[in-house]
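Text of the file query32.txt, holding compact mmCIF, C-alpha atoms:
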# COMPACT_ATOMS: atom_id res chain seq x y z
CA MET A 1 15.25 -19.78 -50.97
CA ILE A 2 13.68 -16.36 -50.70
CA PRO A 3 12.20 -15.25 -47.37
CA LEU A 4 8.60 -16.26 -46.87
CA LEU A 5 7.69 -14.52 -43.64
CA ALA A 6 8.68 -11.37 -41.81
CA LYS A 7 7.89 -10.26 -38.32
CA VAL A 8 7.49 -6.52 -37.92
CA GLY A 9 6.84 -4.88 -34.60
CA VAL A 10 6.53 -1.26 -33.56
CA SER A 11 5.65 0.05 -30.14
CA ASN A 12 5.94 3.37 -28.37
CA GLN A 13 5.62 4.81 -24.93
CA SER A 14 2.08 6.07 -25.45
CA GLY A 15 0.83 2.52 -25.63
CA PHE A 16 0.55 2.26 -29.39
CA GLY A 17 2.12 -0.88 -30.69
CA PHE A 18 1.73 -3.86 -32.92
CA ARG A 19 3.64 -6.94 -33.86
CA ILE A 20 2.58 -8.66 -37.04
CA TRP A 21 3.74 -11.49 -39.23
CA ILE A 22 3.82 -10.52 -42.88
CA PRO A 23 3.43 -13.42 -45.31
CA LEU A 24 6.08 -12.38 -47.81
CA PHE A 25 5.18 -15.22 -50.16
CA LEU A 26 1.92 -13.37 -50.82
CA VAL A 27 3.85 -10.15 -51.38
CA TRP A 28 6.05 -11.88 -53.97
CA LEU A 29 2.95 -13.17 -55.71
CA LEU A 30 1.48 -9.67 -55.78
CA LEU A 31 4.74 -8.29 -57.16
CA LEU A 32 4.91 -10.81 -59.99
CA PRO A 33 2.70 -8.73 -62.34
CA ILE A 34 4.97 -5.73 -61.68
CA ALA A 35 7.96 -7.87 -62.65
CA VAL A 36 6.24 -8.69 -65.93
CA LEU A 37 5.62 -4.99 -66.49
CA LEU A 38 9.30 -4.33 -65.85
CA LEU A 39 10.41 -6.74 -68.57
CA PRO A 40 10.55 -4.01 -71.28
CA VAL A 41 12.71 -1.89 -68.97
CA ILE A 42 15.06 -4.84 -68.49
CA LEU A 43 15.21 -5.27 -72.25
CA VAL A 44 16.14 -1.59 -72.71
CA VAL A 45 18.82 -1.87 -70.03
CA TRP A 46 20.22 -4.90 -71.82
CA LEU A 47 20.29 -3.18 -75.20
CA VAL A 48 21.45 0.28 -74.12
CA GLY A 49 23.38 -0.18 -70.91
CA GLN A 50 26.48 -2.14 -70.11
CA LEU A 51 24.60 -4.21 -67.59
CA ASN A 52 23.86 -7.86 -68.15
CA PRO A 53 20.23 -8.13 -66.99
CA PHE A 54 20.46 -11.86 -66.31
CA ARG A 55 23.45 -11.36 -64.05
CA ALA A 56 21.64 -8.46 -62.37
CA LEU A 57 18.57 -10.64 -61.83
CA ALA A 58 20.74 -13.44 -60.43
CA VAL A 59 22.39 -11.05 -57.98
CA GLY A 60 19.02 -9.54 -57.05
CA TRP A 61 17.70 -13.03 -56.37
CA GLU A 62 20.75 -13.86 -54.29
CA ILE A 63 20.34 -10.72 -52.22
CA LEU A 64 16.70 -11.53 -51.68
CA SER A 65 17.55 -15.09 -50.68
CA SER A 66 20.25 -14.05 -48.28
CA LEU A 67 17.90 -11.75 -46.39
CA ARG A 68 16.60 -14.73 -44.46
CA ARG A 69 17.33 -14.67 -40.72
CA THR A 70 18.12 -10.96 -40.83
CA HIS A 71 17.22 -9.40 -37.54
CA VAL A 72 17.03 -5.69 -36.79
CA GLU A 73 15.91 -4.41 -33.43
CA VAL A 74 16.17 -0.76 -32.45
CA GLU A 75 14.84 0.58 -29.21
CA ASN A 76 15.04 4.04 -27.68
CA HIS A 77 13.36 5.63 -24.72
CA ASN A 78 9.97 5.89 -26.36
CA THR A 79 9.91 3.71 -29.47
CA SER A 80 11.00 0.25 -30.39
CA VAL A 81 11.12 -1.28 -33.84
CA LEU A 82 11.68 -4.91 -34.70
CA ILE A 83 12.15 -6.52 -38.10
CA HIS A 84 12.85 -10.21 -38.33
CA ILE A 85 12.92 -11.97 -41.67
CA VAL A 86 12.26 -15.70 -41.68
CA MET B 1 35.22 -19.57 -17.08
CA ASN B 2 36.86 -17.89 -20.02
CA GLU B 3 36.52 -14.22 -20.91
CA ASN B 4 34.18 -14.66 -23.90
CA ARG B 5 31.77 -16.82 -21.94
CA ARG B 6 31.77 -14.31 -19.12
CA GLN B 7 30.99 -11.47 -21.59
CA ILE B 8 28.05 -13.41 -23.01
CA LEU B 9 26.66 -14.04 -19.55
CA GLU B 10 27.11 -10.38 -18.67
CA MET B 11 25.23 -9.36 -21.81
CA LEU B 12 22.47 -11.79 -20.88
CA SER B 13 22.20 -10.46 -17.35
CA ALA B 14 22.17 -6.88 -18.66
CA GLY B 15 19.28 -7.78 -20.94
CA GLN B 16 21.23 -6.99 -24.11
CA ILE B 17 20.60 -10.44 -25.51
CA SER B 18 17.95 -13.07 -24.96
CA ALA B 19 18.55 -16.47 -23.40
CA ASP B 20 18.28 -18.09 -26.86
CA GLU B 21 20.89 -15.73 -28.27
CA ALA B 22 23.18 -16.40 -25.32
CA GLU B 23 22.80 -20.13 -25.87
CA ARG B 24 23.64 -19.73 -29.56
CA LEU B 25 26.66 -17.58 -28.76
CA ILE B 26 27.97 -20.06 -26.21
CA ALA B 27 27.42 -22.93 -28.63
CA ALA B 28 29.28 -20.99 -31.32
CA LEU B 29 32.03 -20.30 -28.81
CA GLU B 30 32.35 -23.97 -27.92
CA LYS B 31 32.37 -24.95 -31.57
CA GLY B 32 35.15 -22.48 -32.25
CA GLN B 33 37.38 -23.72 -29.42
CA PRO B 34 39.36 -26.96 -29.36
CA ALA B 35 38.23 -29.53 -26.82
CA SER B 36 41.59 -29.36 -25.09
CA THR B 37 44.22 -26.73 -25.47
CA PRO B 38 47.79 -27.96 -25.60
CA ALA B 39 50.04 -26.71 -22.86
CA ASP B 40 52.32 -24.81 -25.24
CA GLY B 41 49.34 -23.27 -27.08
CA SER B 42 51.00 -24.05 -30.39
CA GLU B 43 47.92 -25.53 -32.03
CA SER B 44 45.96 -22.89 -33.89
CA ARG B 45 42.26 -22.49 -33.24
CA PRO B 46 40.09 -24.15 -35.89
CA LYS B 47 38.33 -21.67 -38.12
CA THR B 48 34.67 -21.21 -37.36
CA ASN B 49 32.33 -20.64 -40.21
CA ALA B 50 30.62 -17.45 -39.15
CA LYS B 51 27.15 -17.08 -40.54
CA TYR B 52 26.16 -13.73 -39.14
CA LEU B 53 27.63 -10.34 -38.41
CA ARG B 54 26.22 -9.00 -35.17
CA VAL B 55 26.10 -5.39 -34.04
CA LEU B 56 24.98 -4.62 -30.52
CA VAL B 57 24.71 -1.08 -29.21
CA ASP B 58 23.66 -0.24 -25.72
CA SER B 59 23.53 3.41 -24.82
CA GLU B 60 22.41 4.74 -21.50
CA GLU B 61 21.75 8.44 -21.93
CA ASN B 62 20.60 10.21 -18.86
CA GLY B 63 19.43 13.54 -20.30
CA LYS B 64 15.95 14.95 -20.03
CA ASP B 65 14.89 14.05 -23.56
CA HIS B 66 17.04 10.98 -23.81
CA GLY B 67 16.83 7.48 -22.58
CA PRO B 68 18.48 4.17 -23.14
CA VAL B 69 19.02 3.20 -26.77
CA LYS B 70 19.49 -0.41 -27.77
CA VAL B 71 20.36 -1.72 -31.20
CA ASN B 72 20.55 -5.39 -32.03
CA VAL B 73 21.33 -6.20 -35.67
CA ARG B 74 22.12 -9.58 -37.18
CA VAL B 75 23.18 -9.56 -40.82
CA PRO B 76 23.75 -12.86 -42.65
CA MET B 77 27.23 -13.16 -44.15
CA GLN B 78 25.56 -14.37 -47.32
CA LEU B 79 24.08 -10.90 -47.69
CA LEU B 80 27.59 -9.43 -47.61
CA ARG B 81 28.67 -11.82 -50.34
CA ALA B 82 25.66 -10.88 -52.46
CA GLY B 83 26.37 -7.21 -51.83
CA VAL B 84 29.89 -7.58 -53.19
CA LYS B 85 28.51 -9.26 -56.29
CA LEU B 86 26.15 -6.31 -56.63
CA ALA B 87 29.14 -3.97 -56.49
CA GLY B 88 30.62 -6.02 -59.33
CA LEU B 89 27.61 -5.14 -61.48
CA ILE B 90 28.30 -1.43 -61.32
CA PRO B 91 29.53 -0.26 -64.73
CA ALA B 92 33.21 0.71 -64.89
CA GLN B 93 32.45 4.41 -65.50
CA ALA B 94 30.14 4.58 -62.50
CA ARG B 95 32.74 2.79 -60.38
CA ASP B 96 35.32 5.43 -61.36
CA HIS B 97 32.91 8.17 -60.27
CA VAL B 98 32.36 6.44 -56.95
CA ASN B 99 36.11 5.97 -56.45
CA ASP B 100 36.67 9.68 -57.22
CA ALA B 101 34.04 10.59 -54.64
CA PHE B 102 35.74 8.32 -52.10
CA HIS B 103 39.09 9.97 -52.75
CA LYS B 104 37.57 13.46 -52.50
CA HIS B 105 36.29 12.59 -49.05
CA GLY B 106 39.64 11.24 -47.98
CA MET B 107 38.78 7.55 -48.22
CA GLN B 108 41.46 5.51 -49.93
CA PHE B 109 39.04 2.91 -51.15
CA ASP B 110 38.87 1.32 -54.56
CA LEU B 111 35.69 -0.43 -55.59
CA ASN B 112 37.60 -2.28 -58.30
CA GLN B 113 39.47 -4.14 -55.58
CA ILE B 114 36.30 -5.74 -54.27
CA LYS B 115 36.20 -9.17 -55.81
CA PRO B 116 34.51 -12.36 -54.63
CA GLU B 117 37.87 -14.04 -54.02
CA ASN B 118 38.94 -11.12 -51.81
CA LEU B 119 35.64 -11.29 -50.03
CA GLU B 120 36.14 -14.89 -48.93
CA GLU B 121 39.43 -13.86 -47.39
CA LEU B 122 37.75 -10.89 -45.72
CA ILE B 123 35.00 -13.06 -44.26
CA GLU B 124 37.59 -15.53 -43.03
CA GLN B 125 39.25 -12.66 -41.19
CA LEU B 126 35.88 -11.46 -39.90
CA ASN B 127 35.49 -14.79 -38.08
CA ASP B 128 37.99 -13.57 -35.56
CA LEU B 129 36.63 -10.04 -35.41
CA THR B 130 35.37 -8.63 -32.17
CA VAL B 131 35.07 -4.89 -31.78
CA ASP B 132 34.25 -3.87 -28.28
CA VAL B 133 33.76 -0.18 -27.57
CA ASP B 134 32.92 0.94 -24.09
CA ALA B 135 32.72 4.73 -23.75
CA ALA B 136 31.52 6.93 -20.95
CA ASP B 137 30.77 10.60 -21.62
CA VAL B 138 30.81 11.97 -18.12
CA ASP B 139 30.70 15.63 -19.22
CA ARG B 140 27.47 15.14 -21.12
CA ASN B 141 24.82 13.77 -18.77
CA GLY B 142 26.97 10.82 -17.78
CA SER B 143 26.05 8.84 -20.88
CA LYS B 144 27.47 5.37 -21.34
CA VAL B 145 27.74 3.67 -24.71
CA LYS B 146 28.68 0.07 -25.38
CA VAL B 147 29.18 -1.14 -28.95
CA LYS B 148 29.95 -4.73 -29.84
CA VAL B 149 30.60 -5.98 -33.36
CA PHE B 150 31.32 -9.64 -33.80
CA CYS B 151 30.66 -12.68 -35.95
CA GLU B 152 28.77 -15.75 -34.90

Turn the structure described in the file into structure tokens.
Amino acid sequence: MIPLLAKVGVSNQSGFGFRIWIPLFLVWLLLLPIAVLLLPVILVVWLVGQLNPFRALAVGWEILSSLRRTHVEVENHNTSVLIHIV
Amino acid sequence: MNENRRQILEMLSAGQISADEAERLIAALEKGQPASTPADGSESRPKTNAKYLRVLVDSEENGKDHGPVKVNVRVPMQLLRAGVKLAGLIPAQARDHVNDAFHKHGMQFDLNQIKPENLEELIEQLNDLTVDVDAADVDRNGSKVKVKVFCE
């Protein structure tokens, strides 16, 4: 299953900071039209290149799905960044 | 108290990991250890099924423009598997170019050798991986760096 939510947080020493939940399911919905637009490109890749587009799509989907529970947190003396994919 | 459990508790007390993470690590530790160890130690430890690769960096730089740096990364193993499959999609010609570049930079690495069946073996080996680097750079502002790479 592809990730549906992501938590992104940024804060710095000057007091600026935010921590938001991003509803990725809405992002995927917004990206769907772009995927449709990309279909001709995929067709060209299939015809011209050596790449099997279906296999590439399957791997892309797998990568997307396996992003769940990824957690990245970096903090230095004045800035901290957090990305957590649910 | 065994060494691994002590390390987890030390990381918790140093604020490197949260209480939830410590609980998960200890649970993973208990899962990976037999309930009772035979006296001769002949029984091998059951293989844990690691789900994540963890990288923890804790740097305490004491310079004027520096401060402590903390990195806490958790990468699902499934992402590694998918990444290897992605490498398998690279056309043969492109793979040769990449291999040439690796060799030019002194890395004896062959992308053609990365196959899903090899990956499973690699991940099995990663289950037992723990890289623990503890370095102190006394000459340069007395910085201390701790790096931990392990699977959970």

Original post:
When the cut-off is 6 Å and we count all atoms listed in the file, which residues of chain A are near chain B, given as number ranges by chain?
Top reply: A: 63, 66, 70-77

Original post:
Could you work out how far CA of Thr79 (chain A) lies from CA of Val149 (chain B), giving the answer in Å with one decimal?
Top reply: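 CA of Thr79 (chain A) lies 23.2 Å from CA of Val149 (chain B).
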
**OP:** For region 120-131 of chain B, work out the shell of residues within 6 Å, counting only C-alpha atoms and skipping chain neighbours fewer than 3 positions away, then give it as number ranges by chain.
**Re:** B: 50, 117, 148-151

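Distances here use only C-alpha atoms; by that measure, the residue among A:Leu51, A:Val36, A:Val41, A:Val81 closest to Ser11 (chain A) is A:Val81.
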
**OP:** Can you work out the spacing between CA of Gly17 (chain A) and CA of Leu4 (chain A) in Å, to one decimal?
**Re:** 23.2 Å

Subject >> Residue contacts of Met1 (chain A) (12 Å, all atoms listed in the file) excluding same-chain residues fewer than 3 positions away, as a count of residues only >> reply: 13

Subject >> Length of the CA of Ala94 (chain B) to CA of Gly49 (chain A) vector [Å] >> reply: 11.8 Å

**OP:** Write out as an MDAnalysis selection string which residues come within 7 Å of region 14-26 of chain B when counting all atoms listed in the file, dropping same-chain ones fewer than 5 positions away.
**Re:** chainID B and resid 5 8 152

Original post:
Could you pull the residues within 12 Å of Phe54 (chain A), counting only C-alpha atoms, minus those fewer than 5 positions along the same chain, as a VMD selection string?
Top reply: (chain A and resid 39 42 to 43 45 to 46 59 to 61) or (chain B and resid 89)

Would you mind completing region 2-24 of chain B so that it carries N, CA and C atoms, and writing it out as a short mmCIF file (atom, residue, chain, number, x, y, z; two decimals), keeping the file's coordinate frame?
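Okay, this is what ended up in result-v8.cif:
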data_model
loop_
_atom_site.label_atom_id
_atom_site.label_comp_id
_atom_site.auth_asym_id
_atom_site.auth_seq_id
_atom_site.Cartn_x
_atom_site.Cartn_y
_atom_site.Cartn_z
N ASN B 2 36.03 -18.78 -19.24
CA ASN B 2 36.86 -17.89 -20.02
C ASN B 2 36.18 -16.53 -20.25
N GLU B 3 36.96 -15.60 -20.80
CA GLU B 3 36.52 -14.22 -20.91
C GLU B 3 35.29 -14.06 -21.82
N ASN B 4 35.31 -14.78 -22.96
CA ASN B 4 34.18 -14.66 -23.90
C ASN B 4 32.88 -15.13 -23.28
N ARG B 5 32.97 -16.27 -22.57
CA ARG B 5 31.77 -16.82 -21.94
C ARG B 5 31.25 -15.85 -20.88
N ARG B 6 32.17 -15.27 -20.16
CA ARG B 6 31.77 -14.31 -19.12
C ARG B 6 31.06 -13.10 -19.75
N GLN B 7 31.60 -12.63 -20.91
CA GLN B 7 30.99 -11.47 -21.59
C GLN B 7 29.57 -11.79 -22.03
N ILE B 8 29.38 -13.01 -22.55
CA ILE B 8 28.05 -13.41 -23.01
C ILE B 8 27.08 -13.42 -21.83
N LEU B 9 27.53 -13.98 -20.72
CA LEU B 9 26.66 -14.04 -19.55
C LEU B 9 26.36 -12.65 -19.00
N GLU B 10 27.34 -11.76 -19.11
CA GLU B 10 27.11 -10.38 -18.67
C GLU B 10 26.08 -9.69 -19.56
N MET B 11 26.21 -9.95 -20.88
CA MET B 11 25.23 -9.36 -21.81
C MET B 11 23.84 -9.90 -21.54
N LEU B 12 23.76 -11.18 -21.19
CA LEU B 12 22.47 -11.79 -20.88
C LEU B 12 21.88 -11.17 -19.62
N SER B 13 22.72 -11.01 -18.61
CA SER B 13 22.20 -10.46 -17.35
C SER B 13 21.82 -8.99 -17.50
N ALA B 14 22.50 -8.29 -18.43
CA ALA B 14 22.17 -6.88 -18.66
C ALA B 14 20.97 -6.73 -19.58
N GLY B 15 20.47 -7.84 -20.08
CA GLY B 15 19.28 -7.78 -20.94
C GLY B 15 19.59 -7.38 -22.37
N GLN B 16 20.86 -7.38 -22.74
CA GLN B 16 21.23 -6.99 -24.11
C GLN B 16 20.89 -8.10 -25.09
N ILE B 17 20.92 -9.32 -24.64
CA ILE B 17 20.60 -10.44 -25.51
C ILE B 17 19.64 -11.37 -24.79
N SER B 18 18.90 -12.14 -25.57
CA SER B 18 17.95 -13.07 -24.96
C SER B 18 18.68 -14.36 -24.57
N ALA B 19 17.95 -15.21 -23.83
CA ALA B 19 18.55 -16.47 -23.40
C ALA B 19 18.90 -17.34 -24.61
N ASP B 20 18.03 -17.30 -25.65
CA ASP B 20 18.28 -18.09 -26.86
C ASP B 20 19.56 -17.62 -27.55
N GLU B 21 19.70 -16.29 -27.62
CA GLU B 21 20.89 -15.73 -28.27
C GLU B 21 22.15 -16.10 -27.49
N ALA B 22 22.03 -16.05 -26.15
CA ALA B 22 23.18 -16.40 -25.32
C ALA B 22 23.57 -17.86 -25.55
N GLU B 23 22.54 -18.71 -25.65
CA GLU B 23 22.80 -20.13 -25.87
C GLU B 23 23.51 -20.34 -27.20
N ARG B 24 23.02 -19.61 -28.23
CA ARG B 24 23.64 -19.73 -29.56
C ARG B 24 25.08 -19.26 -29.53
#
